[in-house]
file data28.cif (mmCIF, C-alpha atoms)
data_upload
#
loop_
_atom_site.label_atom_id
_atom_site.label_comp_id
_atom_site.auth_asym_id
_atom_site.auth_seq_id
_atom_site.Cartn_x
_atom_site.Cartn_y
_atom_site.Cartn_z
CA MET S 410 -9.82 -24.32 -16.29
CA ALA S 411 -8.56 -27.85 -15.85
CA GLU S 412 -5.58 -29.14 -13.95
CA LEU S 413 -3.35 -30.48 -16.72
CA LYS S 414 -0.69 -33.15 -16.45
CA CYS S 415 1.28 -33.60 -19.65
CA GLY S 416 3.20 -36.80 -20.22
CA VAL S 417 4.63 -35.65 -23.57
CA GLU S 418 8.13 -34.95 -22.29
CA ASN S 419 9.51 -33.92 -25.65
CA CYS S 420 6.91 -31.21 -26.30
CA THR S 421 8.56 -27.82 -26.35
CA TYR S 422 5.84 -26.45 -24.02
CA ASN S 423 6.30 -29.18 -21.38
CA GLU S 424 8.17 -28.21 -18.24
CA ASN S 425 8.08 -30.87 -15.51
CA CYS S 426 4.70 -32.20 -16.75
CA TYR S 427 3.16 -28.71 -16.78
CA CYS S 428 2.35 -26.66 -19.88
CA SER S 429 3.87 -23.24 -20.50
CA ARG S 430 1.73 -22.52 -23.57
CA GLY S 431 -1.21 -20.98 -21.68
CA ASP S 432 -3.92 -22.91 -23.51
CA ILE S 433 -4.18 -26.01 -25.67
CA MET S 434 -6.46 -27.45 -28.33
CA VAL S 435 -7.50 -31.10 -28.11
CA GLY S 436 -8.41 -32.45 -31.54
CA GLY S 437 -10.61 -35.39 -32.40
CA LYS S 438 -13.86 -34.20 -33.95
CA HIS S 439 -15.06 -37.78 -34.55
CA ALA S 440 -13.27 -39.38 -31.57
CA CYS S 441 -14.85 -42.40 -29.92
CA SER S 442 -11.85 -43.22 -27.70
CA CYS S 443 -8.87 -41.39 -26.26
CA ASP S 444 -6.65 -42.76 -29.03
CA ASP S 445 -8.78 -40.84 -31.55
CA THR S 446 -7.84 -37.54 -29.88
CA CYS S 447 -4.62 -35.51 -29.96
CA CYS S 448 -3.05 -32.38 -28.53
CA GLU S 449 -3.03 -30.14 -31.58
CA SER S 450 -0.86 -27.66 -29.69
CA PHE S 451 2.03 -30.15 -29.52
CA ALA S 452 5.35 -28.88 -30.89
CA GLN S 453 8.32 -31.22 -30.80
CA ARG S 454 11.32 -29.93 -28.86
CA ARG S 455 14.45 -29.99 -31.00
CA GLU S 456 17.88 -30.92 -29.69
CA GLY S 457 19.53 -27.95 -28.03
CA GLN S 458 16.26 -26.00 -27.94
CA ASP S 459 14.87 -24.69 -24.67
CA SER S 460 11.17 -24.84 -23.88
CA TYR S 461 8.93 -22.09 -25.21
CA THR S 462 7.23 -19.76 -22.84
CA SER S 463 4.46 -18.57 -25.11
CA SER S 464 1.92 -16.59 -23.12
CA LEU S 465 3.18 -17.66 -19.69
CA SER S 466 6.54 -16.94 -18.16
CA HIS S 467 6.24 -20.12 -16.07
CA PRO S 468 4.40 -23.38 -16.65
CA SER S 469 0.96 -23.55 -15.08
CA LYS S 470 -0.80 -26.36 -13.23
CA THR S 471 -4.19 -25.21 -14.59
CA ILE S 472 -4.86 -24.38 -18.21
CA SER S 473 -7.65 -23.45 -20.60
CA ILE S 474 -8.46 -26.36 -22.93
CA ASP S 475 -10.40 -25.98 -26.15
CA CYS S 476 -11.73 -29.31 -27.36
CA GLU S 477 -13.06 -30.60 -30.69
CA ALA S 478 -13.96 -34.04 -29.25
CA VAL S 479 -17.71 -33.40 -29.14
CA LYS S 480 -18.48 -36.99 -28.14
CA CYS S 481 -16.55 -36.58 -24.86
CA VAL S 482 -18.59 -36.19 -21.66
CA TYR S 483 -16.27 -33.35 -20.60
CA ASN S 484 -16.87 -31.28 -23.74
CA SER S 485 -19.20 -28.35 -23.18
CA ASN S 486 -19.49 -26.01 -26.14
CA TYR S 487 -15.97 -26.91 -27.36
CA LYS S 488 -14.42 -26.28 -23.92
CA CYS S 489 -13.12 -28.98 -21.60
CA VAL S 490 -14.90 -28.94 -18.24
CA ALA S 491 -12.99 -31.83 -16.61
CA ASP S 492 -11.33 -31.04 -13.30
CA HIS S 493 -8.19 -32.91 -14.31
CA VAL S 494 -6.81 -33.76 -17.76
CA ASP S 495 -3.95 -36.09 -18.69
CA ILE S 496 -2.23 -35.77 -22.05
CA LYS S 497 -0.18 -38.81 -23.10
CA GLY S 498 2.29 -39.41 -25.88
CA SER S 499 5.76 -40.10 -24.58
CA GLY S 500 8.26 -39.82 -27.44
CA ALA S 501 5.77 -38.20 -29.84
CA CYS S 502 7.14 -36.71 -33.05
CA ASP S 503 3.77 -35.45 -34.29
CA CYS S 504 0.55 -34.30 -32.61
CA ARG S 505 -1.18 -37.45 -33.91
CA GLU S 506 1.06 -39.44 -31.55
CA THR S 507 -0.43 -37.65 -28.52
CA ALA S 508 -3.83 -38.22 -26.92
CA CYS S 509 -6.15 -36.94 -24.24
CA ALA S 510 -6.17 -39.83 -21.76
CA THR S 511 -9.11 -38.23 -19.94
CA PHE S 512 -11.47 -38.64 -22.91
CA LYS S 513 -14.66 -40.50 -21.99
CA GLU S 514 -17.31 -41.15 -24.62
CA ARG S 515 -20.86 -39.95 -23.95
#
call {"tool": "encode", "arguments": {"input": "data28.cif", "output": "C-alpha cells"}}
result
Amino acid sequence: MAELKCGVENCTYNENCYCSRGDIMVGGKHACSCDDTCCESFAQRREGQDSYTSSLSHPSKTISIDCEAVKCVYNSNYKCVADHVDIKGSGACDCRETACATFKER
C-alpha cells in the first residue's frame, strides 16, 4: 500500500489530505504523462455535505491503489507499487480534472 497525499480538497473522501475511501482507482489506460491520468474514485463534495467514510471510519495515510496507467513505472499488474502517491486537482468538479502527480512513464 502506498502513502497517499490528496490535494483534491473538494473530494468528499478527502479529510486533511488523507483519503477515507479505503482504496482508489487511478485511470489513464493510455496515459503518457500525469495529466493523462485521473482519480476515478473522485466524488465532488456538495455544499453542506460531510465527508464520506466509506470502508474506513477515519482517513488513512496509506491506501490500496488500483491503477490502469500501464505505462507508469509504478504499475505492477494494475496495482500501484510506489511508496508515496500524490493526487492533484484542486477545485476539481469531475474526475477528469484530477491527476496522479506521481505518474512516471516507463
call {"tool": "resolve_selection", "arguments": {"input": "data28.cif", "expression": "the PyMOL selection byres ((chain S and resi 498) around 6)", "output": "CSV table (one decimal) with C-alpha atoms, in the frame of the given file"}}
result
chain,number,residue,atom,x,y,z
S,417,VAL,CA,4.6,-35.6,-23.6
S,497,LYS,CA,-0.2,-38.8,-23.1
S,499,SER,CA,5.8,-40.1,-24.6
S,501,ALA,CA,5.8,-38.2,-29.8
S,506,GLU,CA,1.1,-39.4,-31.6
S,507,THR,CA,-0.4,-37.6,-28.5
call {"tool": "residues_around", "arguments": {"input": "data28.cif", "residues": "S:Cys504", "least_positions_apart": "3", "cutoff": "12 Å", "atoms": "all atoms listed in the file", "output": "VMD selection string"}}
result
chain S and resid 417 419 to 420 433 to 437 444 to 453 496 to 501 507 to 509
call {"tool": "atom_distance", "arguments": {"input": "data28.cif", "atom1": "atom CA of S:Asp432", "atom2": "atom CA of S:Arg455"}}
result
21.1 Å
call {"tool": "atom_distance", "arguments": {"input": "data28.cif", "atom1": "atom CA of S:Lys480", "atom2": "atom CA of S:Leu413"}}
result
20.0 Å
call {"tool": "atom_distance", "arguments": {"input": "data28.cif", "atom1": "atom CA of S:Ala478", "atom2": "atom CA of S:Arg454"}}
result
25.6 Å
call {"tool": "closest_residue", "arguments": {"input": "data28.cif", "among": "S:Arg430, S:Lys438, S:Arg515, S:Lys488", "to": "S:Lys470", "atoms": "only C-alpha atoms"}}
result
S:Arg430
call {"tool": "axis_aligned_box", "arguments": {"input": "data28.cif", "around": "stretch 425-443 of chain S", "padding_each_side": "5 Å", "output": "JSON"}}
result
{"center_x": -3.5, "center_y": -32.1, "center_z": -25.0, "size_x": 33.1, "size_y": 32.2, "size_z": 29.0}
call {"tool": "closest_residue", "arguments": {"input": "data28.cif", "among": "S:Glu456, S:Ser469, S:Ser429, S:Ile474", "to": "S:Ala491", "atoms": "all atoms listed in the file"}}
result
S:Ile474
call {"tool": "residues_around", "arguments": {"input": "data28.cif", "residues": "S:Cys489", "least_positions_apart": "6", "cutoff": "9 Å", "atoms": "only C-alpha atoms", "output": "PyMOL selection string"}}
result
chain S and resi 410-411+435+473-476+481+483
call {"tool": "closest_residue", "arguments": {"input": "data28.cif", "among": "S:His493, S:His467, S:Ala510, S:Asn486", "to": "S:Glu412", "atoms": "all atoms listed in the file"}}
result
S:His493
call {"tool": "closest_residue", "arguments": {"input": "data28.cif", "among": "S:Glu477, S:Cys441, S:Gly431, S:Lys414", "to": "S:Glu514", "atoms": "only C-alpha atoms"}}
result
S:Cys441
call {"tool": "closest_residue", "arguments": {"input": "data28.cif", "among": "S:Ser485, S:Ala440, S:Asp495, S:Thr471", "to": "S:Cys415", "atoms": "all atoms listed in the file"}}
result
S:Asp495
call {"tool": "decode", "arguments": {"input": "data28.cif", "residues": "stretch 421-440 of chain S", "atoms": "N, CA, C and O atoms", "output": "short mmCIF file (atom, residue, chain, number, x, y, z; two decimals), in the first residue's frame"}}
result
data_model
loop_
_atom_site.label_atom_id
_atom_site.label_comp_id
_atom_site.auth_asym_id
_atom_site.auth_seq_id
_atom_site.Cartn_x
_atom_site.Cartn_y
_atom_site.Cartn_z
N THR S 421 -15.20 14.40 -1.68
CA THR S 421 -15.95 14.02 -0.49
C THR S 421 -15.20 13.03 0.39
O THR S 421 -15.49 12.91 1.57
N TYR S 422 -14.20 12.34 -0.16
CA TYR S 422 -13.41 11.37 0.62
C TYR S 422 -12.19 12.01 1.27
O TYR S 422 -11.50 11.37 2.06
N ASN S 423 -11.88 13.25 0.94
CA ASN S 423 -10.67 13.91 1.43
C ASN S 423 -10.91 14.50 2.82
O ASN S 423 -11.82 15.30 3.02
N GLU S 424 -10.06 14.09 3.75
CA GLU S 424 -10.08 14.66 5.09
C GLU S 424 -8.64 15.01 5.45
O GLU S 424 -7.83 14.13 5.69
N ASN S 425 -8.33 16.32 5.42
CA ASN S 425 -6.99 16.80 5.75
C ASN S 425 -5.91 16.14 4.89
O ASN S 425 -4.88 15.71 5.40
N CYS S 426 -6.17 16.02 3.60
CA CYS S 426 -5.25 15.46 2.60
C CYS S 426 -5.09 13.94 2.69
O CYS S 426 -4.24 13.35 2.05
N TYR S 427 -5.92 13.29 3.51
CA TYR S 427 -5.94 11.83 3.57
C TYR S 427 -7.27 11.33 3.01
O TYR S 427 -8.26 12.05 3.00
N CYS S 428 -7.28 10.09 2.55
CA CYS S 428 -8.48 9.53 1.92
C CYS S 428 -9.22 8.62 2.89
O CYS S 428 -8.62 7.75 3.52
N SER S 429 -10.52 8.79 2.98
CA SER S 429 -11.34 7.95 3.86
C SER S 429 -12.09 6.87 3.06
O SER S 429 -12.92 6.18 3.62
N ARG S 430 -11.76 6.73 1.78
CA ARG S 430 -12.47 5.76 0.95
C ARG S 430 -12.00 4.33 1.20
O ARG S 430 -12.75 3.38 1.07
N GLY S 431 -10.71 4.15 1.49
CA GLY S 431 -10.18 2.80 1.72
C GLY S 431 -9.34 2.30 0.57
O GLY S 431 -8.35 1.62 0.76
N ASP S 432 -9.73 2.65 -0.65
CA ASP S 432 -8.96 2.31 -1.85
C ASP S 432 -9.37 3.27 -2.95
O ASP S 432 -10.44 3.87 -2.87
N ILE S 433 -8.51 3.44 -3.94
CA ILE S 433 -8.87 4.29 -5.07
C ILE S 433 -8.46 3.61 -6.38
O ILE S 433 -7.67 2.68 -6.38
N MET S 434 -9.03 4.11 -7.47
CA MET S 434 -8.68 3.65 -8.80
C MET S 434 -8.11 4.83 -9.56
O MET S 434 -8.77 5.87 -9.69
N VAL S 435 -6.88 4.68 -10.06
CA VAL S 435 -6.28 5.69 -10.92
C VAL S 435 -6.53 5.26 -12.37
O VAL S 435 -6.18 4.15 -12.75
N GLY S 436 -7.17 6.12 -13.12
CA GLY S 436 -7.45 5.84 -14.53
C GLY S 436 -6.39 6.45 -15.42
O GLY S 436 -5.61 7.30 -15.01
N GLY S 437 -6.36 5.97 -16.66
CA GLY S 437 -5.41 6.51 -17.64
C GLY S 437 -4.77 5.39 -18.43
O GLY S 437 -3.55 5.32 -18.53
N LYS S 438 -5.59 4.54 -19.00
CA LYS S 438 -5.10 3.35 -19.71
C LYS S 438 -4.02 3.68 -20.74
O LYS S 438 -3.05 2.95 -20.88
N HIS S 439 -4.15 4.80 -21.43
CA HIS S 439 -3.18 5.18 -22.47
C HIS S 439 -2.31 6.35 -22.04
O HIS S 439 -1.71 7.02 -22.88
N ALA S 440 -2.22 6.62 -20.74
CA ALA S 440 -1.50 7.78 -20.22
C ALA S 440 -0.02 7.75 -20.57
O ALA S 440 0.64 6.72 -20.46
#
